[in-house]
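One file, model29.txt, is given below (compact mmCIF, C-alpha atoms).
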# COMPACT_ATOMS: atom_id res chain seq x y z
CA MET A 1 -7.90 -20.67 15.81
CA PRO A 2 -7.41 -17.14 14.49
CA LEU A 3 -6.14 -15.79 11.22
CA TYR A 4 -3.33 -13.27 11.71
CA VAL A 5 -3.16 -10.51 9.09
CA ILE A 6 0.39 -9.16 9.06
CA ALA A 7 1.72 -5.94 7.55
CA THR A 8 5.19 -6.44 6.09
CA PRO A 9 7.97 -4.05 4.99
CA ILE A 10 7.43 -1.98 1.85
CA GLY A 11 11.15 -2.10 1.07
CA ASN A 12 13.56 -2.28 3.98
CA LEU A 13 13.24 -5.75 5.51
CA GLY A 14 14.32 -4.33 8.87
CA ASP A 15 11.03 -2.47 9.19
CA ILE A 16 9.05 -5.52 10.27
CA THR A 17 7.73 -5.40 13.84
CA LEU A 18 8.84 -7.69 16.66
CA ARG A 19 5.27 -8.90 17.07
CA ALA A 20 5.04 -9.78 13.39
CA LEU A 21 8.25 -11.81 13.57
CA GLN A 22 7.04 -13.66 16.65
CA THR A 23 3.72 -14.47 14.99
CA LEU A 24 5.39 -15.66 11.79
CA ARG A 25 7.64 -17.94 13.85
CA GLU A 26 4.75 -19.39 15.83
CA ALA A 27 2.20 -19.81 13.01
CA ASP A 28 1.57 -23.31 11.72
CA VAL A 29 1.10 -22.06 8.15
CA ILE A 30 1.91 -18.81 6.37
CA ALA A 31 -0.34 -17.79 3.49
CA ALA A 32 1.29 -15.34 1.09
CA GLU A 33 0.38 -13.27 -1.94
CA ASP A 34 3.64 -14.43 -3.57
CA THR A 35 5.44 -17.19 -1.72
CA ARG A 36 8.74 -16.21 -3.35
CA GLN A 37 8.57 -12.67 -1.98
CA THR A 38 7.56 -13.80 1.49
CA LEU A 39 10.31 -16.42 1.47
CA LYS A 40 12.88 -13.62 1.09
CA LEU A 41 11.50 -11.96 4.22
CA LEU A 42 11.47 -15.22 6.16
CA ASN A 43 15.00 -16.10 5.09
CA ALA A 44 16.24 -12.67 6.15
CA HIS A 45 14.99 -13.38 9.66
CA GLY A 46 15.83 -17.08 9.85
CA ILE A 47 12.24 -18.31 9.78
CA VAL A 48 11.41 -21.67 8.20
CA LYS A 49 7.72 -22.33 7.62
CA HIS A 50 5.27 -24.04 5.29
CA LEU A 51 4.02 -21.48 2.75
CA ILE A 52 0.82 -21.56 0.73
CA SER A 53 -0.33 -19.18 -2.00
CA CYS A 54 -3.20 -16.73 -1.50
CA ARG A 55 -3.04 -14.16 -4.29
CA ALA A 56 -5.75 -12.14 -6.02
CA ALA A 57 -6.24 -14.75 -8.76
CA ASN A 58 -6.94 -17.61 -6.34
CA GLU A 59 -7.99 -15.76 -3.18
CA ALA A 60 -11.53 -17.15 -2.94
CA GLU A 61 -10.36 -20.74 -3.37
CA SER A 62 -7.39 -20.25 -1.04
CA ALA A 63 -9.65 -18.67 1.57
CA ARG A 64 -11.76 -21.83 1.71
CA GLY A 65 -8.61 -23.89 2.20
CA ILE A 66 -7.45 -21.58 4.98
CA VAL A 67 -10.81 -21.93 6.74
CA LYS A 68 -10.30 -25.70 6.66
CA LEU A 69 -6.86 -25.28 8.24
CA LEU A 70 -8.35 -23.11 10.98
CA SER A 71 -11.06 -25.72 11.59
CA GLU A 72 -8.28 -28.25 12.15
CA GLY A 73 -6.85 -26.10 14.91
CA LYS A 74 -3.98 -24.63 12.94
CA THR A 75 -2.90 -21.00 13.21
CA VAL A 76 -2.49 -19.20 9.90
CA ALA A 77 -0.64 -15.95 9.23
CA TYR A 78 -1.32 -13.99 6.06
CA CYS A 79 0.88 -11.39 4.40
CA THR A 80 1.10 -9.75 1.01
CA ASP A 81 4.27 -8.88 -0.89
CA ALA A 82 4.69 -5.54 0.86
CA GLY A 83 2.68 -3.28 3.15
CA THR A 84 -0.72 -3.87 4.70
CA PRO A 85 -3.03 -6.58 3.28
CA GLY A 86 -6.32 -5.26 1.94
CA LEU A 87 -4.84 -1.85 1.17
CA SER A 88 -4.42 -1.98 -2.63
CA ASP A 89 -3.48 -5.62 -2.03
CA PRO A 90 -5.31 -8.93 -1.70
CA GLY A 91 -6.71 -9.88 1.68
CA SER A 92 -10.26 -8.56 1.84
CA VAL A 93 -11.84 -11.72 0.38
CA LEU A 94 -9.83 -13.90 2.76
CA VAL A 95 -10.77 -11.85 5.82
CA HIS A 96 -14.46 -11.82 4.86
CA THR A 97 -14.49 -15.58 4.29
CA VAL A 98 -12.77 -16.34 7.60
CA ARG A 99 -15.10 -14.05 9.54
CA GLU A 100 -18.17 -15.56 7.87
CA ALA A 101 -16.91 -18.98 8.95
CA GLY A 102 -16.84 -17.78 12.55
CA TYR A 103 -13.11 -17.51 13.14
CA PRO A 104 -11.41 -14.44 14.62
CA VAL A 105 -9.14 -12.22 12.54
CA ILE A 106 -6.27 -10.50 14.35
CA PRO A 107 -4.47 -7.56 12.69
CA LEU A 108 -0.77 -6.93 13.19
CA PRO A 109 -0.25 -3.32 12.06
CA GLY A 110 2.88 -2.09 10.41
CA PRO A 111 4.23 -0.58 7.19
CA SER A 112 2.05 1.04 4.55
CA ALA A 113 3.18 3.26 1.69
CA PHE A 114 0.15 5.48 2.29
CA ALA A 115 1.04 6.22 5.92
CA THR A 116 4.76 6.42 5.16
CA LEU A 117 4.27 9.15 2.57
CA LEU A 118 1.80 11.05 4.71
CA SER A 119 4.23 11.07 7.65
CA VAL A 120 6.87 13.04 5.72
CA ALA A 121 4.67 15.16 3.46
CA GLY A 122 4.25 18.09 5.82
CA PHE A 123 0.62 18.47 4.88
CA GLY A 124 -2.47 16.37 4.67
CA GLY A 125 -5.07 17.96 6.86
CA ARG A 126 -7.86 16.31 8.79
CA THR A 127 -9.24 14.36 5.82
CA VAL A 128 -7.07 12.38 3.41
CA THR A 129 -8.57 10.01 0.84
CA PHE A 130 -6.67 6.89 -0.21
CA ASP A 131 -7.61 5.91 -3.76
CA GLY A 132 -5.14 3.14 -4.59
CA PHE A 133 -3.98 2.69 -8.17
CA PRO A 134 -5.70 4.84 -10.81
CA SER A 135 -7.20 3.11 -13.82
CA PRO A 136 -4.67 2.45 -16.60
CA LYS A 137 -7.34 3.65 -19.05
CA ALA A 138 -6.87 7.35 -19.75
CA GLY A 139 -10.56 8.26 -19.80
CA ARG A 140 -11.40 6.56 -16.52
CA ARG A 141 -8.25 7.88 -14.86
CA LYS A 142 -8.95 11.50 -15.84
CA LYS A 143 -12.58 11.28 -14.75
CA ARG A 144 -11.62 9.91 -11.34
CA LEU A 145 -8.90 12.55 -10.85
CA GLU A 146 -11.39 15.28 -11.72
CA GLU A 147 -13.74 13.90 -9.05
CA LEU A 148 -10.99 13.76 -6.43
CA LEU A 149 -9.70 17.25 -7.21
CA ALA A 150 -13.22 18.68 -7.17
CA ARG A 151 -13.70 17.49 -3.59
CA GLY A 152 -10.90 19.82 -2.53
CA GLU A 153 -9.51 17.31 -0.02
CA ALA A 154 -6.05 15.78 0.08
CA PHE A 155 -5.69 12.33 -1.49
CA VAL A 156 -3.07 9.66 -2.10
CA VAL A 157 -2.68 7.37 -5.10
CA TYR A 158 -0.10 4.78 -6.08
CA GLU A 159 1.42 4.51 -9.54
CA SER A 160 3.97 2.53 -11.52
CA PRO A 161 7.04 4.12 -13.13
CA PHE A 162 5.41 3.50 -16.51
CA ARG A 163 2.36 5.68 -15.83
CA VAL A 164 3.41 8.21 -13.19
CA ILE A 165 4.13 10.86 -15.85
CA LYS A 166 0.64 10.40 -17.32
CA LEU A 167 -0.86 10.66 -13.85
CA LEU A 168 0.93 13.92 -13.03
CA ALA A 169 0.18 15.31 -16.49
CA ASP A 170 -3.53 14.65 -15.95
CA LEU A 171 -3.37 16.35 -12.55
CA ALA A 172 -1.41 19.33 -13.90
CA ALA A 173 -3.85 19.78 -16.77
CA ILE A 174 -6.61 20.40 -14.22
CA GLU A 175 -4.79 22.09 -11.34
CA PRO A 176 -1.14 22.82 -12.23
CA SER A 177 -0.40 24.71 -9.02
CA ARG A 178 -1.86 22.17 -6.56
CA PRO A 179 0.96 21.08 -4.20
CA VAL A 180 2.03 17.44 -4.40
CA VAL A 181 4.56 15.19 -2.71
CA VAL A 182 5.87 12.21 -4.66
CA GLY A 183 7.58 9.34 -2.85
CA ARG A 184 9.71 6.96 -4.90
CA GLU A 185 11.23 3.70 -3.65
CA MET A 186 10.30 4.55 -0.08
CA THR A 187 12.47 2.88 2.61
CA LYS A 188 14.72 1.42 -0.09
CA THR A 189 18.29 2.32 -1.06
CA HIS A 190 17.25 4.88 -3.66
CA GLU A 191 14.44 6.46 -1.64
CA GLU A 192 13.47 9.89 -2.91
CA PHE A 193 10.85 12.56 -2.24
CA LEU A 194 9.86 15.36 -4.61
CA SER A 195 7.54 18.18 -3.62
CA GLY A 196 6.16 21.38 -5.08
CA PRO A 197 3.45 22.52 -7.49
CA CYS A 198 2.21 19.63 -9.61
CA GLU A 199 3.49 21.12 -12.87
CA SER A 200 7.00 21.58 -11.39
CA VAL A 201 7.24 18.01 -10.10
CA LEU A 202 5.92 16.76 -13.43
CA GLN A 203 8.61 18.64 -15.33
CA GLU A 204 11.35 17.35 -13.02
CA LEU A 205 10.34 13.76 -13.68
CA LYS A 206 9.87 14.35 -17.41
CA ASP A 207 13.46 15.61 -17.62
CA ARG A 208 14.81 12.27 -16.43
CA PRO A 209 15.86 9.77 -19.10
CA ILE A 210 14.41 6.83 -17.20
CA LEU A 211 12.13 6.28 -14.22
CA LYS A 212 12.35 3.29 -11.92
CA GLY A 213 10.68 2.15 -8.74
CA GLU A 214 7.29 2.33 -7.10
CA PHE A 215 5.61 5.72 -6.68
CA ALA A 216 3.12 7.14 -4.19
CA VAL A 217 1.62 10.58 -4.80
CA LEU A 218 0.01 12.83 -2.20
CA VAL A 219 -2.05 15.72 -3.55
CA ALA A 220 -2.66 18.54 -1.07
CA SER A 221 -6.09 19.86 -0.25
CA ALA A 222 -7.27 22.70 -2.47
CA HIS A 223 -7.25 25.20 0.38
CA PHE A 224 -4.21 24.02 2.30
CA THR A 225 -3.14 26.50 5.00
CA GLU A 226 -1.05 26.49 8.15
CA GLU A 227 -4.29 25.87 10.06
CA ASP A 228 -4.48 22.46 8.42
CA LEU A 229 -1.21 21.55 10.12
CA GLU A 230 -2.61 22.55 13.50
CA GLU A 231 -5.80 20.53 12.99
CA SER A 232 -4.26 17.40 11.43
Write-out of the structure in structure tokens:
Amino acid sequence: MPLYVIATPIGNLGDITLRALQTLREADVIAAEDTRQTLKLLNAHGIVKHLISCRAANEAESARGIVKLLSEGKTVAYCTDAGTPGLSDPGSVLVHTVREAGYPVIPLPGPSAFATLLSVAGFGGRTVTFDGFPSPKAGRRKKRLEELLARGEAFVVYESPFRVIKLLADLAAIEPSRPVVVGREMTKTHEEFLSGPCESVLQELKDRPILKGEFAVLVASAHFTEEDLEES
């Protein structure tokens, strides 16, 4: 039997696909990064299923258990808290283990903060690098940002409300005029997008007394032109 890898909403529970709902209803077992989060999604759509945990801390062990379930003829669906598994989320170890055991893995595409931000940015170009969450350690973060900026290509990173100011400050210290688009709480009630030169967006966020929500940051290519729009 196959393992179904399901992308789930990044905020608005209505963003789940019809195919994902059907698969969740028909699966024998649902493996989840956080069973409490997945339960909210299932409850919202009237789905009652047996849930098991498969998070980063226990992924290798859980993967072996899931292979056993597949060997018993059960269908298993896997989803993380939000977005696409394996994309700055657990899932890669599970998929590798299942494939090595000889069972098929079927993807069910859907929401991703990376693609969501890119779709409304207005720029990106032919090549866009996804680099996940920067290191919380200042030295490593700055070094990686320098490498990404030096490439001259557009890139996307995720960040928490506690470190997004530090991230933008590091970017602005190197290239203050590089265009950025910041997405906050995407698809949720307080969804917001900020765009402009890095130093301007940084100042706008610094002026706020408090920052909440999840952030995604798209940094434009160093030589962004209208031709990039035509080629992207």
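Close to (-0.3, 22.9, -16.2), meaning no more than 12 Å away when counting only C-alpha atoms, sit the residues Leu168, Ala169, Asp170, Leu171, Ala172, Ala173, Ile174, Glu175, Pro176, Ser177, Arg178, Pro197, Cys198, Glu199, Ser200, Val201, Leu202 and Gln203 of chain A.
Comparing A:Ala56, A:Ala31, A:Leu149, A:Cys79 by their smallest distance to Val93 of chain A, the closest is A:Ala56 (using all atoms listed in the file).
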Smallest atom-to-atom distance to Leu145 of chain A: which of A:Ile210, A:Pro104, A:Gly86, A:Val219, using all atoms listed in the file?
-> A:Val219
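Counting from atom CA of Gly125 of chain A, the distance to atom CA of Phe162 of chain A is 29.4 Å.
Here atom CA of Val180 of chain A and atom CA of Phe133 of chain A stand 16.4 Å from one another.
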Asn43 of chain A environment, 12 Å, all atoms listed in the file, sequence neighbours closer than 4 positions dropped, as a PDB file with C-alpha atoms, keeping the file's coordinate frame:
ATOM      1  CA  LEU A  13      13.240  -5.750   5.510  1.00  0.00           C
ATOM      2  CA  LEU A  21       8.250 -11.810  13.570  1.00  0.00           C
ATOM      3  CA  LEU A  24       5.390 -15.660  11.790  1.00  0.00           C
ATOM      4  CA  ARG A  25       7.640 -17.940  13.850  1.00  0.00           C
ATOM      5  CA  THR A  35       5.440 -17.190  -1.720  1.00  0.00           C
ATOM      6  CA  ARG A  36       8.740 -16.210  -3.350  1.00  0.00           C
ATOM      7  CA  GLN A  37       8.570 -12.670  -1.980  1.00  0.00           C
ATOM      8  CA  THR A  38       7.560 -13.800   1.490  1.00  0.00           C
ATOM      9  CA  LEU A  39      10.310 -16.420   1.470  1.00  0.00           C
ATOM     10  CA  ILE A  47      12.240 -18.310   9.780  1.00  0.00           C
ATOM     11  CA  VAL A  48      11.410 -21.670   8.200  1.00  0.00           C
ATOM     12  CA  LYS A  49       7.720 -22.330   7.620  1.00  0.00           C
TER      13      LYS A  49
END
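For the set A:Gly102, A:Ala57, A:His190, A:Gly91, the residue with the smallest atom-to-atom gap to Val5 of chain A is A:Gly91, counting only C-alpha atoms.
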Atomic distance atom CA of Val164 of chain A - atom CA of Arg55 of chain A, expressed in Å with one decimal | 24.9 Å
Write out as an MDAnalysis selection string the residues lying within 8 Å of Ile30 of chain A, counting only C-alpha atoms and excluding same-chain residues fewer than 3 positions away.
-> chainID A and resid 24 27 49:52 76:79
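Using all atoms listed in the file, the contacts of Phe155 of chain A at a cut-off of 9 Å, with sequence neighbours closer than 6 positions omitted, comprise Gly124, Thr127, Val128, Thr129, Phe130, Asp131, Leu148, Leu149, Val217, Leu218, Val219, Ala220 and Ser221 of chain A.
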List the neighbours of Pro136 of chain A out to 10 Å using all atoms listed in the file; skip same-chain residues closer than 5 positions along the sequence, and give me the result as a PDB file with C-alpha atoms, in the coordinates of the input.
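To be explicit, this is the file written out as selection_1.pdb:
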ATOM      1  CA  ARG A 141      -8.250   7.880 -14.860  1.00  0.00           C
ATOM      2  CA  GLU A 159       1.420   4.510  -9.540  1.00  0.00           C
ATOM      3  CA  ARG A 163       2.360   5.680 -15.830  1.00  0.00           C
ATOM      4  CA  LYS A 166       0.640  10.400 -17.320  1.00  0.00           C
ATOM      5  CA  LEU A 167      -0.860  10.660 -13.850  1.00  0.00           C
TER       6      LEU A 167
END
Which neighbours of Leu18 of chain A fall inside 12 Å, counting only C-alpha atoms, when residues of the same chain fewer than 4 positions from it are skipped, and could you give them as a ChimeraX atom specification?
-> /A:6-8,14,22-25,45,108-110
Which is closer to Ala222 of chain A than all the others in A:Gly65, A:Ile165, A:Phe193, A:Arg151, using all atoms listed in the file?
-> A:Arg151
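Checking A:Val120, A:Ala113, A:Ala138, A:Ala44 one by one against Ser195 of chain A, counting all atoms listed in the file, you find the shortest gap at A:Val120.
Proximity ranking of A:Arg184, A:Glu59, A:Pro179, A:Pro90 relative to Leu211 of chain A places A:Arg184 first, based on only C-alpha atoms.
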